[in-house]
Amino acid sequence: MPVRRRLATLLAALAVLLPVGGCGTLPGSDDPPRSLRVWLMRGSLSEGLTAAVVRDYERSNPGVEVEVAVQDWSGIGDKVAEALASDDPPDVIEVGNTQVARYVAEGGVRNLTNWVYDLGGDYWIPGLKEPGKIGGFQYGVPFYAANRVVIYRKDLFERAGITEPPADREEWIEATDRLDRPGQQGIYLPGRNWYVLAGFVWDEGGDLAVERSGRWSGALHTPEALRGMEFYRELHSHGAGPADADEAEPDQREVFAAGEVAQIIDVPGAAELITETNPGLTGRLGFFPVPGKREGEPGAVFTGGSVLIVPERTDAWDPAYAFVKLLTGEKWQRKLARTMSVVPNSTELVGELRGDPGTAAMAEGSRNGHATPNSPRWGELEADNPVKDYQTAVLRGADPATAARETSEEITEILGGRRDRGD
């Protein structure tokens with residue numbers, strides 16, 4: 001057989017074997033459209049953005065129809081776990097970045113390690129990449145992130161002679177001390193804001209818990225973690241934040257809006273809620289990343305956000321992967337950042353946020369983002385968090401080393417499954 005004829009025969013065979021567009025359906029064929037079921041969380045994408053993503057995907061993947069089901073965060077953990085264990089799960093699921101360890105431990109999540117490079121994993125921000133990696137394997141693909149910044153009153157800073165945001169922790173303490181005066185708080189920092197404490201602990205090289213040989217144990221008693229608590233106590237002393245309250249009760253945004261408070265630590269979107277409560281603060285609020293120990297380096301912050309997972313039992317792997325790649329790729333990450341004011345999943349896209357001061361500060365802080373310890377039982381700990389009790393105890397005068405060791409023991413018991421804090 002001539003070479004040209006053999007080549008034509010081979011190409012014809014390949015055309016039969018390989019799906020067009022990776023979707024398994026030939027355009028124009030009589031096959032019914034294939035359905036791709038996607039679960040997204042409420043608030044992650046606007047309705048308009050969701051519709052636009054679906055249109056873009058379906059144009060590029062003929063023969064596939066996307067069905068998006070919007071889920072509520074309340075009770076989502078058990079709902080996702082049940083879906084992963086079923087024989088008919090959704091094909092793509094958005095989950096919180098701190099939830100991945102639980103789902104992987106319970107089973108049903110596809111290992112995506114072989115596709116990390118193709119998905120741009122070399123540039124993923126660490127606060128989303130690391131919690132999606134369990135046992136050295138990547139299961140979660142970073143979707144978007146958010147983290148806390150310092151929201152401050154520009155007028156109070158100017159009144160105190162502070163002309164620019166502090167460049168490091170030392171300057172931050174000095175500025176906060178100058179801002180703390182009769183009738184005015186230098187900062188409102190509630191005593192039980194454990195996310196903020198975690199950042200200071202990470203800055204010192206410590207952690208809340210560590211894993212050794214598959215066993216998790218509390219680490220608040222280490223010298224590094226104790227230094228983080230000492231900085232928290234020092235910063236807290238320059239305001240009137242209650243030792244026994246967190247940021248939600250009372251709502252720190254309402255406290256900030258109602259009084260002479262120079263700073264709070266919150267996500268940038270809180271500024272809009274603050275000015276809605278007190279329109280007199282419109283135009284008076286500024287933002288800067290939580291300062292780090294070294295000049296010009298942002299402090300460590302907890303990175304919240306979402307990742308996308310693919311169930312092992314999906315019968316639509318190729319369409320599911322194509323959807324994940326589209327939504328987490330550069331085109332839609334740029335649109336997501338501009339439209340939803342969140343941090344995109346790539347360090348290469350931080351520049352997209354320069355026009356929004358609050359989100360730009362958040363993106364800068366995300367360079368030093370961290371996630372909570374990657375234990376499958378971390379959600380159980382957060383349900384009745386002993387770290388908060390530790391903070392209150394220290395701020396009320398308890399010996400930090402003793403209180404930290406007792407709390408580390410509690411953390412070890414919870415993460416080891418040896419204690420039910422509901423009893």
# chains A, B, ... in the order shown; residues from 1 in each chain; ligands from 1
>>> select_by_dssp(residues="region 152-281 of chain A", states="alpha helix (DSSP H)", output="PyMOL selection string")
chain A and resi 154-159+169-179+194-203+223-236+252-258+270-277
>>> residues_around(residues="Ala219 (chain A)", least_positions_apart="2", cutoff="12 Å", atoms="only C-alpha atoms", output="PyMOL selection string")
chain A and resi 198+201-202+205-212+216-217+221-226+228+373+387+401+403-412
>>> residues_around(residues="Pro268 (chain A)", least_positions_apart="6", cutoff="9 Å", atoms="only C-alpha atoms", output="NGL selection string")
:A and (146-151 or 287 or 341 or 357-359 or 361-362)
>>> residues_around(residues="Gly379 (chain A)", least_positions_apart="5", cutoff="12 Å", atoms="only C-alpha atoms", output="ChimeraX atom specification")
/A:77-78,96-103,372-374,384-385,411,414-415,417
>>> residues_around(residues="Ser60 (chain A)", least_positions_apart="2", cutoff="10 Å", atoms="only C-alpha atoms", output="list in words")
Gly21, Cys23, Val54, Arg55, Asp56, Tyr57, Glu58, Pro62, Gly63, Val64, Ala322 and Leu326 of chain A
>>> write_last_selection(atoms="C-alpha atoms", output="CSV table (one decimal), in the first residue's frame")
chain,number,residue,atom,x,y,z
A,21,GLY,CA,-13.1,18.8,21.4
A,23,CYS,CA,-16.2,15.9,24.8
A,54,VAL,CA,-21.6,28.7,30.5
A,55,ARG,CA,-22.1,30.3,27.0
A,56,ASP,CA,-18.3,30.4,26.5
A,57,TYR,CA,-17.9,26.8,27.5
A,58,GLU,CA,-20.8,25.5,25.4
A,62,PRO,CA,-20.4,21.5,21.2
A,63,GLY,CA,-22.7,18.7,22.3
A,64,VAL,CA,-22.4,19.5,26.0
A,322,ALA,CA,-12.4,21.3,30.2
A,326,LEU,CA,-11.8,27.3,31.5
>>> residues_around(residues="Met340 (chain A)", least_positions_apart="4", cutoff="8 Å", atoms="only C-alpha atoms", output="ChimeraX atom specification")
/A:44-46,336
>>> write_last_selection(atoms="C-alpha atoms", output="short mmCIF file (atom, residue, chain, number, x, y, z; two decimals), in the first residue's frame")
data_model
loop_
_atom_site.label_atom_id
_atom_site.label_comp_id
_atom_site.auth_asym_id
_atom_site.auth_seq_id
_atom_site.Cartn_x
_atom_site.Cartn_y
_atom_site.Cartn_z
CA SER A 44 -18.97 33.08 44.10
CA LEU A 45 -20.20 34.24 40.68
CA SER A 46 -22.93 36.69 39.78
CA LEU A 336 -13.68 37.18 37.98
#
>>> select_by_dssp(residues="region 138-232 of chain A", states="strand (DSSP E)", output="ChimeraX atom specification")
/A:138,141-147,149-153,209-212,215-218
>>> write_last_selection(atoms="N, CA, C and O atoms", output="compact mmCIF listing (two decimals), in the first residue's frame")
# COMPACT_ATOMS: atom_id res chain seq x y z
N GLN A 138 -2.31 16.64 44.37
CA GLN A 138 -3.21 17.77 44.20
C GLN A 138 -4.61 17.29 43.86
O GLN A 138 -4.82 16.61 42.85
N VAL A 141 -8.29 22.38 42.63
CA VAL A 141 -7.75 23.37 41.70
C VAL A 141 -8.18 24.76 42.17
O VAL A 141 -9.39 25.02 42.28
N PRO A 142 -7.25 25.65 42.49
CA PRO A 142 -7.60 26.97 43.00
C PRO A 142 -8.57 27.73 42.09
O PRO A 142 -8.37 27.79 40.87
N PHE A 143 -9.61 28.30 42.71
CA PHE A 143 -10.65 29.03 42.00
C PHE A 143 -10.49 30.52 42.26
O PHE A 143 -10.22 31.31 41.35
N TYR A 144 -10.65 30.95 43.49
CA TYR A 144 -10.44 32.37 43.85
C TYR A 144 -10.17 32.46 45.34
O TYR A 144 -10.41 31.50 46.08
N ALA A 145 -9.67 33.62 45.76
CA ALA A 145 -9.28 33.77 47.17
C ALA A 145 -9.73 35.11 47.72
O ALA A 145 -10.07 36.04 46.97
N ALA A 146 -9.72 35.20 49.04
CA ALA A 146 -9.96 36.45 49.75
C ALA A 146 -9.21 36.39 51.06
O ALA A 146 -9.05 35.31 51.64
N ASN A 147 -8.70 37.50 51.51
CA ASN A 147 -7.99 37.55 52.79
C ASN A 147 -8.16 38.92 53.43
O ASN A 147 -8.63 39.87 52.80
N VAL A 149 -7.28 42.51 55.27
CA VAL A 149 -6.37 43.65 55.18
C VAL A 149 -6.68 44.58 56.35
O VAL A 149 -7.60 44.34 57.13
N VAL A 150 -5.90 45.63 56.48
CA VAL A 150 -6.21 46.66 57.47
C VAL A 150 -7.04 47.74 56.78
O VAL A 150 -6.63 48.31 55.77
N ILE A 151 -8.23 47.99 57.32
CA ILE A 151 -9.07 49.09 56.86
C ILE A 151 -8.89 50.22 57.86
O ILE A 151 -9.03 50.02 59.07
N TYR A 152 -8.55 51.42 57.36
CA TYR A 152 -8.23 52.50 58.29
C TYR A 152 -8.91 53.81 57.92
O TYR A 152 -9.31 54.02 56.77
N ARG A 153 -9.03 54.64 58.91
CA ARG A 153 -9.58 55.99 58.73
C ARG A 153 -8.47 56.93 58.29
O ARG A 153 -7.58 57.28 59.07
N ALA A 209 -1.18 23.76 64.42
CA ALA A 209 -1.05 22.31 64.59
C ALA A 209 -0.10 21.80 63.53
O ALA A 209 0.04 22.40 62.45
N VAL A 210 0.55 20.68 63.82
CA VAL A 210 1.50 20.10 62.87
C VAL A 210 1.23 18.60 62.73
O VAL A 210 0.67 17.97 63.64
N GLU A 211 1.64 18.06 61.59
CA GLU A 211 1.47 16.64 61.32
C GLU A 211 2.82 15.94 61.32
O GLU A 211 3.77 16.40 60.68
N ARG A 212 2.89 14.85 62.02
CA ARG A 212 4.09 14.02 62.01
C ARG A 212 3.67 12.56 61.90
O ARG A 212 2.92 12.07 62.74
N ARG A 215 0.01 11.84 62.21
CA ARG A 215 -0.67 12.23 63.44
C ARG A 215 -0.59 13.75 63.61
O ARG A 215 0.49 14.34 63.49
N TRP A 216 -1.74 14.34 63.93
CA TRP A 216 -1.79 15.78 64.13
C TRP A 216 -1.70 16.11 65.62
O TRP A 216 -2.30 15.43 66.44
N SER A 217 -0.95 17.17 65.92
CA SER A 217 -0.86 17.61 67.31
C SER A 217 -0.83 19.13 67.37
O SER A 217 -0.34 19.80 66.44
N GLY A 218 -1.36 19.69 68.45
CA GLY A 218 -1.38 21.14 68.63
C GLY A 218 0.02 21.70 68.78
O GLY A 218 0.92 21.04 69.32
>>> closest_residue(among="A:Asp122, A:Ala262, A:Glu234, A:Gly199", to="Ile162 (chain A)", atoms="only C-alpha atoms")
A:Ala262
>>> atom_distance(atom1="CA of Gln263 (chain A)", atom2="CA of Tyr188 (chain A)")
6.3 Å
>>> closest_residue(among="A:Leu235, A:Ile93, A:Leu285, A:Val255", to="Leu156 (chain A)", atoms="only C-alpha atoms")
A:Leu285
>>> residues_around(residues="Phe157 (chain A)", least_positions_apart="4", cutoff="12 Å", atoms="only C-alpha atoms", output="ChimeraX atom specification")
/A:151-153,161-166,172,175-180,184-187,260-263,284-287
>>> closest_residue(among="A:Phe231, A:Phe302, A:Phe200, A:Tyr117", to="Arg367 (chain A)", atoms="only C-alpha atoms")
A:Phe302
>>> atom_distance(atom1="CA of Thr303 (chain A)", atom2="CA of Pro386 (chain A)")
20.5 Å
>>> closest_residue(among="A:Leu84, A:Ile125, A:Leu119, A:Ala300", to="Tyr195 (chain A)", atoms="only C-alpha atoms")
A:Ala300
>>> closest_residue(among="A:Gly397, A:Gly355, A:Pro344, A:Pro291", to="Asp168 (chain A)", atoms="only C-alpha atoms")
A:Pro291
>>> decode(residues="region 156-179 of chain A", atoms="N, CA, C and O atoms", output="PDB file, in the first residue's frame")
ATOM      1  N   LEU A 156      -8.225  60.135  60.456  1.00  0.00           N
ATOM      2  CA  LEU A 156      -7.605  59.978  61.771  1.00  0.00           C
ATOM      3  C   LEU A 156      -6.099  59.802  61.648  1.00  0.00           C
ATOM      4  O   LEU A 156      -5.341  60.275  62.508  1.00  0.00           O
ATOM      5  N   PHE A 157      -5.655  59.120  60.618  1.00  0.00           N
ATOM      6  CA  PHE A 157      -4.218  58.989  60.378  1.00  0.00           C
ATOM      7  C   PHE A 157      -3.607  60.369  60.139  1.00  0.00           C
ATOM      8  O   PHE A 157      -2.553  60.701  60.696  1.00  0.00           O
ATOM      9  N   GLU A 158      -4.253  61.166  59.298  1.00  0.00           N
ATOM     10  CA  GLU A 158      -3.723  62.503  58.996  1.00  0.00           C
ATOM     11  C   GLU A 158      -3.698  63.374  60.237  1.00  0.00           C
ATOM     12  O   GLU A 158      -2.731  64.127  60.473  1.00  0.00           O
ATOM     13  N   ARG A 159      -4.748  63.269  61.049  1.00  0.00           N
ATOM     14  CA  ARG A 159      -4.808  64.060  62.270  1.00  0.00           C
ATOM     15  C   ARG A 159      -3.664  63.717  63.224  1.00  0.00           C
ATOM     16  O   ARG A 159      -3.173  64.565  63.967  1.00  0.00           O
ATOM     17  N   ALA A 160      -3.241  62.448  63.177  1.00  0.00           N
ATOM     18  CA  ALA A 160      -2.142  62.004  64.042  1.00  0.00           C
ATOM     19  C   ALA A 160      -0.776  62.231  63.402  1.00  0.00           C
ATOM     20  O   ALA A 160       0.253  61.859  63.984  1.00  0.00           O
ATOM     21  N   GLY A 161      -0.761  62.818  62.216  1.00  0.00           N
ATOM     22  CA  GLY A 161       0.503  63.091  61.544  1.00  0.00           C
ATOM     23  C   GLY A 161       1.102  61.886  60.850  1.00  0.00           C
ATOM     24  O   GLY A 161       2.299  61.869  60.537  1.00  0.00           O
ATOM     25  N   ILE A 162       0.286  60.873  60.578  1.00  0.00           N
ATOM     26  CA  ILE A 162       0.764  59.666  59.898  1.00  0.00           C
ATOM     27  C   ILE A 162       0.427  59.806  58.421  1.00  0.00           C
ATOM     28  O   ILE A 162      -0.742  59.790  58.033  1.00  0.00           O
ATOM     29  N   THR A 163       1.440  59.955  57.598  1.00  0.00           N
ATOM     30  CA  THR A 163       1.216  60.311  56.200  1.00  0.00           C
ATOM     31  C   THR A 163       1.157  59.129  55.248  1.00  0.00           C
ATOM     32  O   THR A 163       0.739  59.278  54.096  1.00  0.00           O
ATOM     33  N   GLU A 164       1.595  57.956  55.708  1.00  0.00           N
ATOM     34  CA  GLU A 164       1.545  56.777  54.841  1.00  0.00           C
ATOM     35  C   GLU A 164       1.402  55.526  55.690  1.00  0.00           C
ATOM     36  O   GLU A 164       1.754  55.526  56.883  1.00  0.00           O
ATOM     37  N   PRO A 165       0.885  54.456  55.114  1.00  0.00           N
ATOM     38  CA  PRO A 165       0.695  53.227  55.888  1.00  0.00           C
ATOM     39  C   PRO A 165       2.024  52.697  56.412  1.00  0.00           C
ATOM     40  O   PRO A 165       3.079  52.900  55.797  1.00  0.00           O
ATOM     41  N   PRO A 166       2.000  52.005  57.536  1.00  0.00           N
ATOM     42  CA  PRO A 166       3.234  51.447  58.101  1.00  0.00           C
ATOM     43  C   PRO A 166       3.844  50.399  57.185  1.00  0.00           C
ATOM     44  O   PRO A 166       3.133  49.625  56.533  1.00  0.00           O
ATOM     45  N   ALA A 167       5.181  50.366  57.159  1.00  0.00           N
ATOM     46  CA  ALA A 167       5.894  49.460  56.264  1.00  0.00           C
ATOM     47  C   ALA A 167       6.194  48.116  56.897  1.00  0.00           C
ATOM     48  O   ALA A 167       6.480  47.149  56.188  1.00  0.00           O
ATOM     49  N   ASP A 168       6.139  48.034  58.222  1.00  0.00           N
ATOM     50  CA  ASP A 168       6.411  46.769  58.897  1.00  0.00           C
ATOM     51  C   ASP A 168       5.708  46.774  60.247  1.00  0.00           C
ATOM     52  O   ASP A 168       5.055  47.752  60.634  1.00  0.00           O
ATOM     53  N   ARG A 169       5.850  45.685  60.959  1.00  0.00           N
ATOM     54  CA  ARG A 169       5.159  45.537  62.244  1.00  0.00           C
ATOM     55  C   ARG A 169       5.550  46.626  63.250  1.00  0.00           C
ATOM     56  O   ARG A 169       4.702  47.149  63.969  1.00  0.00           O
ATOM     57  N   GLU A 170       6.837  46.936  63.305  1.00  0.00           N
ATOM     58  CA  GLU A 170       7.307  47.932  64.277  1.00  0.00           C
ATOM     59  C   GLU A 170       6.648  49.281  64.024  1.00  0.00           C
ATOM     60  O   GLU A 170       6.155  49.940  64.956  1.00  0.00           O
ATOM     61  N   GLU A 171       6.611  49.705  62.767  1.00  0.00           N
ATOM     62  CA  GLU A 171       5.948  50.970  62.440  1.00  0.00           C
ATOM     63  C   GLU A 171       4.460  50.898  62.728  1.00  0.00           C
ATOM     64  O   GLU A 171       3.840  51.899  63.125  1.00  0.00           O
ATOM     65  N   TRP A 172       3.883  49.714  62.520  1.00  0.00           N
ATOM     66  CA  TRP A 172       2.443  49.540  62.761  1.00  0.00           C
ATOM     67  C   TRP A 172       2.118  49.748  64.239  1.00  0.00           C
ATOM     68  O   TRP A 172       1.152  50.454  64.583  1.00  0.00           O
ATOM     69  N   ILE A 173       2.916  49.175  65.098  1.00  0.00           N
ATOM     70  CA  ILE A 173       2.687  49.355  66.529  1.00  0.00           C
ATOM     71  C   ILE A 173       2.866  50.816  66.922  1.00  0.00           C
ATOM     72  O   ILE A 173       2.061  51.380  67.687  1.00  0.00           O
ATOM     73  N   GLU A 174       3.897  51.459  66.398  1.00  0.00           N
ATOM     74  CA  GLU A 174       4.142  52.877  66.710  1.00  0.00           C
ATOM     75  C   GLU A 174       2.962  53.733  66.256  1.00  0.00           C
ATOM     76  O   GLU A 174       2.496  54.621  66.996  1.00  0.00           O
ATOM     77  N   ALA A 175       2.476  53.505  65.039  1.00  0.00           N
ATOM     78  CA  ALA A 175       1.347  54.284  64.532  1.00  0.00           C
ATOM     79  C   ALA A 175       0.088  54.013  65.345  1.00  0.00           C
ATOM     80  O   ALA A 175      -0.665  54.949  65.690  1.00  0.00           O
ATOM     81  N   THR A 176      -0.164  52.760  65.694  1.00  0.00           N
ATOM     82  CA  THR A 176      -1.371  52.406  66.439  1.00  0.00           C
ATOM     83  C   THR A 176      -1.330  53.007  67.834  1.00  0.00           C
ATOM     84  O   THR A 176      -2.362  53.447  68.367  1.00  0.00           O
ATOM     85  N   ASP A 177      -0.145  53.073  68.415  1.00  0.00           N
ATOM     86  CA  ASP A 177       0.001  53.711  69.725  1.00  0.00           C
ATOM     87  C   ASP A 177      -0.325  55.205  69.645  1.00  0.00           C
ATOM     88  O   ASP A 177      -0.997  55.754  70.516  1.00  0.00           O
ATOM     89  N   ARG A 178       0.117  55.871  68.587  1.00  0.00           N
ATOM     90  CA  ARG A 178      -0.186  57.299  68.416  1.00  0.00           C
ATOM     91  C   ARG A 178      -1.669  57.540  68.184  1.00  0.00           C
ATOM     92  O   ARG A 178      -2.219  58.581  68.573  1.00  0.00           O
ATOM     93  N   LEU A 179      -2.318  56.582  67.558  1.00  0.00           N
ATOM     94  CA  LEU A 179      -3.745  56.721  67.255  1.00  0.00           C
ATOM     95  C   LEU A 179      -4.636  56.401  68.443  1.00  0.00           C
ATOM     96  O   LEU A 179      -5.818  56.742  68.449  1.00  0.00           O
TER      97      LEU A 179
END
